[in-house]
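**Student:** Contents are mmCIF, C-alpha atoms; file name structure12.cif:
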data_run
loop_
_atom_site.label_atom_id
_atom_site.label_comp_id
_atom_site.auth_asym_id
_atom_site.auth_seq_id
_atom_site.Cartn_x
_atom_site.Cartn_y
_atom_site.Cartn_z
CA MET A 1 17.33 -6.98 -32.78
CA THR A 2 15.61 -3.65 -33.24
CA PRO A 3 12.89 -2.54 -30.76
CA GLY A 4 10.32 -2.57 -33.57
CA ARG A 5 11.04 -6.23 -34.26
CA GLN A 6 11.03 -7.06 -30.55
CA LEU A 7 7.59 -5.44 -30.33
CA GLY A 8 6.38 -7.72 -33.13
CA PHE A 9 7.54 -10.84 -31.30
CA LEU A 10 6.15 -9.57 -28.01
CA TRP A 11 2.73 -8.74 -29.43
CA GLY A 12 2.58 -12.01 -31.35
CA GLY A 13 3.63 -14.04 -28.32
CA ALA A 14 1.08 -12.38 -26.06
CA ALA A 15 -1.68 -12.84 -28.63
CA LEU A 16 -0.88 -16.52 -29.18
CA ALA A 17 -0.67 -17.16 -25.42
CA CYS A 18 -4.08 -15.55 -24.87
CA ALA A 19 -5.58 -17.48 -27.80
CA ALA A 20 -4.13 -20.72 -26.44
CA ALA A 21 -5.64 -19.98 -23.01
CA ALA A 22 -9.13 -19.47 -24.48
CA PRO A 23 -10.38 -23.01 -23.64
CA TRP A 24 -9.75 -22.33 -19.93
CA ALA A 25 -11.34 -18.87 -20.02
CA PRO A 26 -14.84 -20.02 -18.92
CA ALA A 27 -13.40 -21.60 -15.77
CA PHE A 28 -11.43 -18.46 -15.04
CA ALA A 29 -14.45 -16.23 -15.69
CA GLN A 30 -16.55 -18.12 -13.13
CA GLY A 31 -14.64 -16.33 -10.40
CA MET A 32 -15.56 -12.91 -11.76
CA PRO A 33 -18.09 -11.05 -9.63
CA ALA A 34 -21.08 -9.32 -11.20
CA CYS A 35 -20.55 -5.66 -12.10
CA PRO A 36 -21.05 -3.67 -8.86
CA PHE A 37 -21.72 -0.45 -10.84
CA HIS A 38 -24.61 -2.14 -12.63
CA TRP A 39 -25.87 -3.60 -9.36
CA LEU A 40 -25.68 -0.23 -7.65
CA THR A 41 -27.08 2.07 -10.36
CA GLY A 42 -28.97 -0.23 -12.72
CA PHE A 43 -26.87 1.08 -15.61
CA PRO A 44 -24.03 -0.77 -17.31
CA CYS A 45 -20.46 0.46 -17.03
CA ALA A 46 -18.40 0.89 -20.19
CA THR A 47 -16.95 -2.61 -19.89
CA CYS A 48 -20.14 -4.42 -18.90
CA GLY A 49 -20.42 -7.58 -20.95
CA GLY A 50 -16.70 -7.49 -21.72
CA THR A 51 -15.99 -10.87 -20.16
CA ARG A 52 -18.93 -12.45 -21.98
CA ALA A 53 -17.80 -10.79 -25.21
CA LEU A 54 -14.33 -12.31 -24.85
CA LEU A 55 -15.78 -15.71 -23.99
CA ALA A 56 -17.96 -15.50 -27.12
CA LEU A 57 -14.87 -14.58 -29.15
CA GLY A 58 -13.20 -17.69 -27.75
CA ARG A 59 -16.08 -19.72 -29.23
CA PHE A 60 -15.73 -17.80 -32.54
CA ASP A 61 -19.25 -16.43 -32.01
CA LEU A 62 -18.64 -12.96 -33.40
CA GLY A 63 -22.29 -11.91 -33.38
CA ALA A 64 -22.67 -12.61 -29.68
CA ALA A 65 -19.31 -11.02 -28.92
CA PHE A 66 -20.26 -7.73 -30.60
CA GLY A 67 -23.70 -7.92 -29.02
CA TRP A 68 -22.28 -8.15 -25.51
CA ASN A 69 -19.71 -5.36 -25.88
CA PRO A 70 -18.66 -4.06 -29.30
CA LEU A 71 -15.59 -2.19 -28.03
CA VAL A 72 -14.15 -5.12 -26.10
CA ALA A 73 -14.94 -7.51 -28.96
CA GLY A 74 -13.24 -5.20 -31.46
CA ALA A 75 -10.23 -4.72 -29.18
CA GLY A 76 -9.98 -8.48 -28.70
CA ILE A 77 -9.99 -9.15 -32.44
CA LEU A 78 -7.49 -6.34 -33.03
CA PHE A 79 -5.23 -7.76 -30.33
CA ILE A 80 -5.24 -11.33 -31.66
CA ALA A 81 -5.25 -10.59 -35.40
CA GLY A 82 -2.80 -7.73 -34.99
CA GLY A 83 -0.54 -9.97 -32.95
CA VAL A 84 -0.49 -12.63 -35.67
CA VAL A 85 0.30 -10.01 -38.33
CA ALA A 86 2.97 -8.42 -36.10
CA LEU A 87 4.56 -11.81 -35.46
CA GLY A 88 4.60 -12.55 -39.18
CA ALA A 89 6.21 -9.19 -39.87
CA ALA A 90 8.83 -9.75 -37.17
CA LEU A 91 9.62 -13.24 -38.49
CA ALA A 92 10.07 -11.73 -41.94
CA GLY A 93 12.52 -9.19 -40.53
CA GLY A 94 10.09 -6.27 -40.51
CA GLU A 95 9.29 -3.83 -37.73
CA VAL A 96 6.12 -2.89 -35.91
CA ARG A 97 5.46 0.72 -35.01
CA ALA A 98 2.73 2.04 -32.71
CA PRO A 99 0.55 4.76 -34.29
CA ARG A 100 1.35 8.39 -33.52
CA PRO A 101 -1.23 10.05 -31.28
CA THR A 102 -2.77 12.49 -33.74
CA LEU A 103 -5.73 14.63 -32.72
CA LEU A 104 -7.98 12.63 -35.04
CA LEU A 105 -6.92 9.33 -33.45
CA ARG A 106 -7.45 10.72 -29.93
CA ALA A 107 -10.91 11.98 -30.85
CA ALA A 108 -11.79 8.67 -32.51
CA LEU A 109 -10.78 6.68 -29.41
CA ALA A 110 -12.77 8.91 -27.07
CA ALA A 111 -15.77 8.75 -29.41
CA ALA A 112 -15.52 4.95 -29.62
CA ILE A 113 -15.62 4.62 -25.81
CA ALA A 114 -18.57 7.01 -25.54
CA ALA A 115 -20.47 5.32 -28.37
CA ASN A 116 -19.87 1.89 -26.88
CA TRP A 117 -21.21 3.02 -23.52
CA ALA A 118 -24.25 4.59 -25.18
CA PHE A 119 -24.91 1.32 -27.03
CA LEU A 120 -24.71 -0.70 -23.80
CA VAL A 121 -27.15 1.65 -22.06
CA ALA A 122 -29.53 1.64 -25.04
CA ALA A 123 -29.34 -2.14 -25.35
CA GLY A 124 -30.19 -2.49 -21.67
CA ARG A 125 -27.12 -4.56 -20.83
CA MET B 1 62.72 26.41 -11.86
CA SER B 2 60.88 25.09 -8.84
CA SER B 3 57.19 25.82 -8.31
CA VAL B 4 57.50 25.27 -4.56
CA PRO B 5 56.91 28.59 -2.75
CA PRO B 6 59.75 29.84 -0.51
CA GLN B 7 59.45 28.78 3.13
CA GLY B 8 60.41 30.97 6.08
CA PRO B 9 59.20 33.79 8.34
CA GLY B 10 58.85 36.40 5.61
CA ALA B 11 57.42 34.17 2.96
CA VAL B 12 54.13 34.90 1.26
CA PRO B 13 51.50 32.42 2.44
CA PRO B 14 50.38 29.96 -0.20
CA PRO B 15 47.04 30.62 -1.85
CA PRO B 16 44.06 28.92 -0.21
CA PRO B 17 43.27 25.50 -1.56
CA PRO B 18 40.37 25.26 -3.99
CA PRO B 19 37.00 24.67 -2.32
CA GLN B 20 36.20 21.05 -1.63
CA PRO B 21 33.24 19.60 -3.47
CA PRO B 22 30.08 19.35 -1.35
CA ALA B 23 29.91 16.38 0.96
CA ILE B 24 26.86 14.92 -0.82
CA SER B 25 27.71 11.50 -2.09
CA PRO B 26 27.18 11.02 -5.81
CA PRO B 27 24.36 8.77 -6.91
CA ALA B 28 25.14 5.11 -6.63
CA VAL B 29 24.80 4.69 -10.36
CA SER B 30 25.00 7.01 -13.30
CA GLY B 31 24.59 6.73 -17.02
CA GLY B 32 21.71 4.27 -16.87
CA LEU B 33 19.96 1.73 -14.73
CA PRO B 34 22.17 -1.14 -13.51
CA TRP B 35 19.66 -3.54 -15.07
CA GLU B 36 20.17 -1.91 -18.48
CA THR B 37 23.89 -1.20 -18.37
CA GLN B 38 25.35 -4.27 -16.69
CA ALA B 39 25.31 -7.97 -17.48
CA LEU B 40 22.13 -9.77 -16.43
CA GLY B 41 22.27 -11.11 -12.90
CA PRO B 42 20.80 -10.86 -9.42
CA GLN B 43 22.92 -7.88 -8.31
CA PRO B 44 21.86 -5.48 -11.10
CA PHE B 45 18.25 -6.54 -10.47
CA PHE B 46 18.45 -5.76 -6.75
CA ASP B 47 20.32 -2.49 -7.37
CA THR B 48 17.68 -1.38 -9.86
CA ALA B 49 14.82 -2.49 -7.63
CA MET B 50 16.28 -0.62 -4.64
CA LEU B 51 16.73 2.48 -6.79
CA PHE B 52 13.05 2.44 -7.78
CA ILE B 53 12.02 1.79 -4.19
CA LYS B 54 14.22 4.41 -2.52
CA GLU B 55 14.70 7.07 -5.20
CA PRO B 56 12.05 6.67 -7.89
CA GLN B 57 12.66 10.09 -9.46
CA GLN B 58 16.36 9.37 -9.82
CA ALA B 59 15.59 5.90 -11.15
CA TRP B 60 13.28 7.25 -13.86
CA ARG B 61 15.89 9.86 -14.77
CA LEU B 62 18.36 7.04 -15.38
CA THR B 63 15.91 4.93 -17.37
CA ARG B 64 16.46 4.89 -21.11
CA GLU B 65 13.43 5.99 -23.12
CA THR B 66 13.90 3.60 -26.02
CA GLY B 67 16.18 0.92 -27.39
CA ASP B 68 15.06 -2.40 -25.94
CA TYR B 69 11.90 -4.20 -24.86
CA ILE B 70 13.52 -7.34 -23.53
CA ARG B 71 15.35 -6.16 -20.41
CA PRO B 72 12.42 -4.10 -19.06
CA LEU B 73 10.17 -7.08 -19.77
CA LEU B 74 12.48 -9.43 -17.86
CA PHE B 75 12.59 -7.04 -14.93
CA GLY B 76 8.81 -6.71 -14.90
CA VAL B 77 8.28 -10.46 -15.18
CA ILE B 78 10.65 -11.23 -12.29
CA ALA B 79 9.20 -8.54 -10.02
CA GLY B 80 5.62 -9.41 -10.97
CA TRP B 81 6.21 -13.13 -10.55
CA VAL B 82 7.64 -12.67 -7.04
CA GLY B 83 4.53 -10.69 -6.11
CA LEU B 84 2.30 -13.33 -7.73
CA VAL B 85 3.93 -16.13 -5.74
CA PHE B 86 3.47 -14.29 -2.45
CA ARG B 87 -0.14 -13.45 -3.33
CA ALA B 88 -0.81 -17.07 -4.23
CA VAL B 89 0.76 -18.30 -0.98
CA TRP B 90 -1.19 -15.83 1.17
CA GLY B 91 -4.34 -16.68 -0.77
CA THR B 92 -3.82 -20.37 -0.03
CA ILE B 93 -3.16 -19.75 3.66
CA PHE B 94 -5.67 -17.02 4.44
CA GLY B 95 -8.13 -17.20 1.54
CA ALA B 96 -10.59 -19.68 3.00
CA GLY B 97 -10.51 -18.06 6.42
CA LEU B 98 -11.16 -14.58 5.05
CA THR B 99 -13.94 -15.77 2.76
CA SER B 100 -15.69 -17.45 5.67
CA MET B 101 -15.51 -14.19 7.65
CA ILE B 102 -17.00 -12.08 4.86
CA PRO B 103 -20.80 -11.72 4.70
CA ALA B 104 -22.41 -13.86 2.00
CA GLN B 105 -23.56 -10.91 -0.15
CA TYR B 106 -19.93 -9.80 -0.62
CA ALA B 107 -18.39 -13.22 -1.07
CA GLY B 108 -18.37 -12.97 -4.88
CA PHE B 109 -15.83 -10.15 -4.71
CA THR B 110 -13.25 -12.38 -3.06
CA ARG B 111 -13.37 -15.22 -5.58
CA PHE B 112 -11.52 -13.46 -8.39
CA GLY B 113 -7.87 -14.39 -8.82
CA GLY B 114 -8.20 -17.99 -7.80
CA GLY B 115 -6.54 -20.98 -9.36
CA SER B 116 -4.24 -23.52 -7.87
CA LEU B 117 -1.01 -22.41 -6.24
CA ILE B 118 1.13 -24.58 -8.51
CA ALA B 119 -0.60 -23.36 -11.67
CA GLN B 120 -0.11 -19.75 -10.63
CA VAL B 121 3.55 -20.26 -9.79
CA ILE B 122 4.41 -22.22 -12.94
CA LEU B 123 2.37 -20.20 -15.41
CA GLY B 124 2.98 -16.97 -13.51
CA PRO B 125 5.72 -15.55 -15.77
CA LEU B 126 3.50 -16.04 -18.81
CA PHE B 127 0.53 -14.38 -17.09
CA VAL B 128 2.72 -11.48 -15.98
CA ALA B 129 4.27 -10.97 -19.42
CA CYS B 130 0.85 -10.95 -21.13
CA GLY B 131 -0.51 -8.70 -18.39
CA LEU B 132 2.31 -6.21 -18.83
CA PHE B 133 1.76 -6.04 -22.59
CA ILE B 134 -2.04 -5.70 -22.38
CA GLY B 135 -1.80 -3.30 -19.44
CA ALA B 136 0.70 -1.15 -21.33
CA ALA B 137 -1.64 -1.08 -24.34
CA ILE B 138 -4.59 0.05 -22.19
CA ILE B 139 -2.58 2.71 -20.35
CA HIS B 140 -1.04 3.87 -23.63
CA VAL B 141 -4.46 4.40 -25.21
CA SER B 142 -5.46 6.26 -22.07
CA PHE B 143 -2.36 8.47 -22.24
CA MET B 144 -3.16 9.07 -25.90
CA ILE B 145 -6.71 10.22 -25.13
CA VAL B 146 -5.67 12.67 -22.38
CA GLY B 147 -2.87 14.10 -24.55
CA ALA B 148 0.03 12.88 -22.43
CA LEU B 149 2.02 11.71 -25.46
CA THR B 150 2.22 14.91 -27.50
CA SER B 151 5.88 15.52 -26.51
CA SER B 152 6.84 11.88 -26.12
CA LYS B 153 9.68 10.41 -28.15
CA SER B 154 9.38 6.92 -26.72
CA GLN B 155 5.64 6.39 -27.38
CA PHE B 156 4.48 2.78 -26.72
CA GLU B 157 7.92 1.59 -25.69
CA GLY B 158 8.00 4.30 -23.01
CA THR B 159 4.64 3.20 -21.62
CA PHE B 160 5.74 -0.43 -21.69
CA ARG B 161 8.91 0.47 -19.78
CA LEU B 162 6.81 2.41 -17.26
CA LEU B 163 4.71 -0.62 -16.45
CA CYS B 164 7.65 -3.03 -16.41
CA TYR B 165 9.73 -1.03 -13.94
CA ALA B 166 6.69 -0.02 -11.88
CA SER B 167 6.20 -3.77 -11.31
CA VAL B 168 8.76 -3.39 -8.55
CA ALA B 169 5.75 -2.30 -6.45
CA ASN B 170 4.70 -5.95 -6.40
CA VAL B 171 7.15 -6.53 -3.56
CA ALA B 172 4.37 -5.08 -1.39
CA ASN B 173 2.64 -8.43 -1.84
CA VAL B 174 4.92 -9.85 0.84
CA VAL B 175 2.38 -8.23 3.18
CA PRO B 176 -0.63 -10.53 3.54
CA VAL B 177 -4.16 -9.38 2.66
CA LEU B 178 -3.49 -5.65 2.15
CA GLY B 179 -0.30 -6.08 0.12
CA GLY B 180 -2.14 -6.18 -3.20
CA LEU B 181 -3.90 -2.87 -2.54
CA VAL B 182 -0.63 -1.24 -1.48
CA ALA B 183 1.09 -2.61 -4.59
CA GLY B 184 -1.61 -1.16 -6.85
CA VAL B 185 -1.41 2.33 -5.35
CA TRP B 186 2.39 2.24 -5.28
CA ALA B 187 2.60 1.11 -8.91
CA ALA B 188 0.22 3.93 -9.93
CA TYR B 189 2.46 6.42 -8.11
CA LEU B 190 5.54 5.06 -9.87
CA VAL B 191 3.83 5.26 -13.27
CA VAL B 192 2.75 8.86 -12.65
CA VAL B 193 6.28 9.87 -11.63
CA GLY B 194 7.81 7.92 -14.50
CA ALA B 195 5.41 9.20 -17.16
CA GLN B 196 6.51 12.76 -16.49
CA GLN B 197 10.06 11.69 -17.25
CA MET B 198 9.49 9.21 -20.07
CA HIS B 199 6.74 11.05 -21.95
CA LYS B 200 7.71 14.62 -20.99
CA THR B 201 4.19 15.29 -19.79
CA THR B 202 2.63 17.06 -16.83
CA GLN B 203 1.75 15.45 -13.53
CA SER B 204 -1.96 16.11 -14.02
CA LYS B 205 -2.03 14.47 -17.46
CA ALA B 206 -0.06 11.50 -16.18
CA LEU B 207 -2.41 11.13 -13.22
CA PHE B 208 -5.52 11.49 -15.38
CA GLY B 209 -4.07 9.01 -17.85
CA ILE B 210 -3.49 6.36 -15.21
CA LEU B 211 -6.91 6.94 -13.62
CA LEU B 212 -8.90 7.03 -16.87
CA PRO B 213 -9.14 3.23 -17.31
CA THR B 214 -10.36 2.99 -13.74
CA ILE B 215 -12.87 5.78 -14.19
CA VAL B 216 -14.21 4.92 -17.65
CA CYS B 217 -13.51 1.25 -18.28
CA CYS B 218 -13.29 -0.22 -14.85
CA VAL B 219 -15.83 1.62 -12.77
CA CYS B 220 -16.51 -1.93 -11.63
CA ILE B 221 -13.10 -2.17 -10.05
CA ALA B 222 -13.45 1.13 -8.21
CA VAL B 223 -16.88 0.25 -6.84
CA GLY B 224 -15.76 -3.33 -6.23
CA SER B 225 -12.81 -2.11 -4.19
CA ILE B 226 -15.15 -0.05 -2.04
CA PHE B 227 -17.33 -3.11 -1.49
CA ALA B 228 -14.32 -5.29 -0.76
CA GLY B 229 -13.07 -2.72 1.74
CA ALA B 230 -16.50 -2.50 3.33
CA ALA B 231 -16.67 -6.28 3.47
CA LEU B 232 -13.27 -6.55 5.14
CA PHE B 233 -14.15 -3.77 7.58
CA SER B 234 -17.40 -5.51 8.38
CA ALA B 235 -15.62 -8.85 8.80
CA PHE B 236 -13.05 -7.48 11.19
CA ARG B 237 -15.67 -5.66 13.27
CA HIS B 238 -17.46 -8.90 14.09
#
Render the structure in this file as structure tokens.
**Tutor:**
Amino acid sequence: MTPGRQLGFLWGGAALACAAAAPWAPAFAQGMPACPFHWLTGFPCATCGGTRALLALGRFDLGAAFGWNPLVAGAGILFIAGGVVALGAALAGGEVRAPRPTLLLRAALAAAIAANWAFLVAAGR
Amino acid sequence: MSSVPPQGPGAVPPPPPPPQPPAISPPAVSGGLPWETQALGPQPFFDTAMLFIKEPQQAWRLTRETGDYIRPLLFGVIAGWVGLVFRAVWGTIFGAGLTSMIPAQYAGFTRFGGGSLIAQVILGPLFVACGLFIGAAIIHVSFMIVGALTSSKSQFEGTFRLLCYASVANVANVVPVLGGLVAGVWAAYLVVVGAQQMHKTTQSKALFGILLPTIVCCVCIAVGSIFAGAALFSAFRH
């Protein structure tokens, strides 16, 4: 089996396992401490609200998920949906390839992290 | 005609023998990691683990950059699961005692990572496999942002292999309480050393890449670690 096909199965398996574990996520999240950066400075960190965003995704509440943390919500959807697509491609004999790190992609990723943090600060999370 | 030189008092002495090769023993393995070149089994696993523990630079030099996700994943799952089992056992034995020693305002920082011992042991391989994949994705994006992948041929597979083989650091979890911290630092060191080999990048970019998620995304973890350390220090002082 080619590495590209293995990646498809791996991504799909991880995504399905995480989706299947969603009902137990609230119990797991109870053990998470509050953000110490927020407690210390009064400002949110770039992942503040990430756990609540993922829990909202688990309830299919997309509005709340993007409200809590757009970047984490988007990454969560990309991970699950991408995993399903990758698994389908692997089952059909296709391959999955990671994107090449072009300058535009690097800039877009950095901008997305910065914009997400700015949103969290502005929203008073 | 014989090639044997004439013997006797007036004979020309034979030429000196060629110099002996240096007395340094050759590496124990060559041409690839035992885990990737031999049949699956306990011995190749231990040989590979010992190579990463004793000679990480040599181990990364022997690691293939591409070609297979499954064997690195199996290695990472086994190493990570062993660490998880030890952590779960120490947590069961010492967890309650440590929590009771820690001041109430810091107690929340010790709750994370709970769950029953049996659940952790049985579901451990699944947790570890998912963790390796998600962790590799996060670190890969981080490497992408800092420009550590511009000369890389292996791309995501290289990052995935880095995390899988760096999981050998989980053996540090055999040490109670502080083992997890040691494992984290050790794994970061292994990833930095390995990234220079796998992605043909510089040490500073590799280091920045591995620290970026901690700095940007997980400031919580950095500050939380300081609090946890302060809490432990405070607990042991009293």
**Student:** Take the PyMOL selection byres ((chain A and resi 111-124) around 9), apply it to the structure above, and return the hits as a list of chain:residue names.
**Tutor:**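 After applying the PyMOL selection byres ((chain A and resi 111-124) around 9), what remains is A:Phe43, A:Pro44, A:Cys45, A:Ala46, A:Thr47, A:Cys48, A:Gly49, A:Gly67, A:Trp68, A:Asn69, A:Pro70, A:Leu71, A:Arg106, A:Ala107, A:Ala108, A:Leu109, A:Ala110, A:Arg125, B:Val216, B:Cys217.
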**Student:** To test your reading of the syntax: which residues would the PyMOL selection byres ((chain B and resi 158) around 9) return for the file shown? Reply as a VMD selection string.
**Tutor:** chain B and resid 64 to 66 152 to 157 159 to 163 195 198 to 199
**Student:** For the residues in that selection, give me C-alpha atoms as a tab-separated table (two decimals), in the coordinates of the input.
**Tutor:**
chain	number	residue	atom	x	y	z
B	64	ARG	CA	16.46	4.89	-21.11
B	65	GLU	CA	13.43	5.99	-23.12
B	66	THR	CA	13.90	3.60	-26.02
B	152	SER	CA	6.84	11.88	-26.12
B	153	LYS	CA	9.68	10.41	-28.15
B	154	SER	CA	9.38	6.92	-26.72
B	155	GLN	CA	5.64	6.39	-27.38
B	156	PHE	CA	4.48	2.78	-26.72
B	157	GLU	CA	7.92	1.59	-25.69
B	159	THR	CA	4.64	3.20	-21.62
B	160	PHE	CA	5.74	-0.43	-21.69
B	161	ARG	CA	8.91	0.47	-19.78
B	162	LEU	CA	6.81	2.41	-17.26
B	163	LEU	CA	4.71	-0.62	-16.45
B	195	ALA	CA	5.41	9.20	-17.16
B	198	MET	CA	9.49	9.21	-20.07
B	199	HIS	CA	6.74	11.05	-21.95
**Student:** Evaluate the PyMOL selection byres ((chain B and resi 124) around 9) on the structure here and hand back the selected residues as a PDB file with C-alpha atoms, keeping the file's coordinate frame.
**Tutor:**
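To be explicit, this is the file written out as out21.pdb:
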ATOM      1  CA  VAL B  77       8.280 -10.460 -15.180  1.00  0.00           C
ATOM      2  CA  GLY B  80       5.620  -9.410 -10.970  1.00  0.00           C
ATOM      3  CA  TRP B  81       6.210 -13.130 -10.550  1.00  0.00           C
ATOM      4  CA  LEU B  84       2.300 -13.330  -7.730  1.00  0.00           C
ATOM      5  CA  VAL B  85       3.930 -16.130  -5.740  1.00  0.00           C
ATOM      6  CA  ALA B 119      -0.600 -23.360 -11.670  1.00  0.00           C
ATOM      7  CA  GLN B 120      -0.110 -19.750 -10.630  1.00  0.00           C
ATOM      8  CA  VAL B 121       3.550 -20.260  -9.790  1.00  0.00           C
ATOM      9  CA  ILE B 122       4.410 -22.220 -12.940  1.00  0.00           C
ATOM     10  CA  LEU B 123       2.370 -20.200 -15.410  1.00  0.00           C
ATOM     11  CA  PRO B 125       5.720 -15.550 -15.770  1.00  0.00           C
ATOM     12  CA  LEU B 126       3.500 -16.040 -18.810  1.00  0.00           C
ATOM     13  CA  PHE B 127       0.530 -14.380 -17.090  1.00  0.00           C
ATOM     14  CA  VAL B 128       2.720 -11.480 -15.980  1.00  0.00           C
ATOM     15  CA  ALA B 129       4.270 -10.970 -19.420  1.00  0.00           C
TER      16      ALA B 129
END
**Student:** For a quick check of understanding, using all atoms listed in the file, which of B:Ala39, B:Met50, B:Ile138, B:Leu211 has the smallest distance to chain A?
**Tutor:**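 Closest to chain A of all the choices is B:Ile138.
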**Student:** Go through chain A residue by residue and, counting all atoms listed in the file, keep those with an atom at most 8 Å from chain B; for each kept residue give the shortest atom pair and its distance in Å to one decimal, ordered by chain and increasing number, as CSV.
**Tutor:**
residue,atom,partner,partner_atom,distance
A:Thr2,CA,B:Asp68,CA,7.4
A:Pro3,CA,B:Asp68,CA,5.3
A:Gln6,CA,B:Tyr69,CA,6.4
A:Leu7,CA,B:Tyr69,CA,7.1
A:Leu10,CA,B:Phe133,CA,7.8
A:Trp11,CA,B:Phe133,CA,7.4
A:Ala14,CA,B:Cys130,CA,5.1
A:Ala17,CA,B:Cys130,CA,7.7
A:Cys18,CA,B:Cys130,CA,7.7
A:Phe28,CA,B:Gly115,CA,7.9
A:Gly31,CA,B:Phe112,CA,4.7
A:Met32,CA,B:Phe112,CA,5.3
A:Pro33,CA,B:Gly108,CA,5.1
A:Ala34,CA,B:Gly108,CA,7.8
A:Cys35,CA,B:Cys220,CA,5.5
A:Pro36,CA,B:Cys220,CA,5.6
A:Phe37,CA,B:Cys220,CA,5.5
A:Cys45,CA,B:Val219,CA,6.4
A:Ala46,CA,B:Cys217,CA,5.3
A:Thr47,CA,B:Cys217,CA,5.4
A:Ala98,CA,B:Phe156,CA,6.3
A:Arg100,CA,B:Gln155,CA,7.8
A:Pro101,CA,B:Met144,CA,5.8
A:Arg106,CA,B:Ile145,CA,4.9
A:Ala107,CA,B:Ile145,CA,7.3
A:Leu109,CA,B:Ile145,CA,6.9
A:Ala110,CA,B:Ile145,CA,6.5
**Student:** As an exercise, work out the distance from atom CA of Ala188 of chain B to atom CA of Val171 of chain B in Å and give it to one decimal place.
**Tutor:**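 Taking atom CA of Ala188 of chain B as the start and atom CA of Val171 of chain B as the end point, the length is 14.1 Å.
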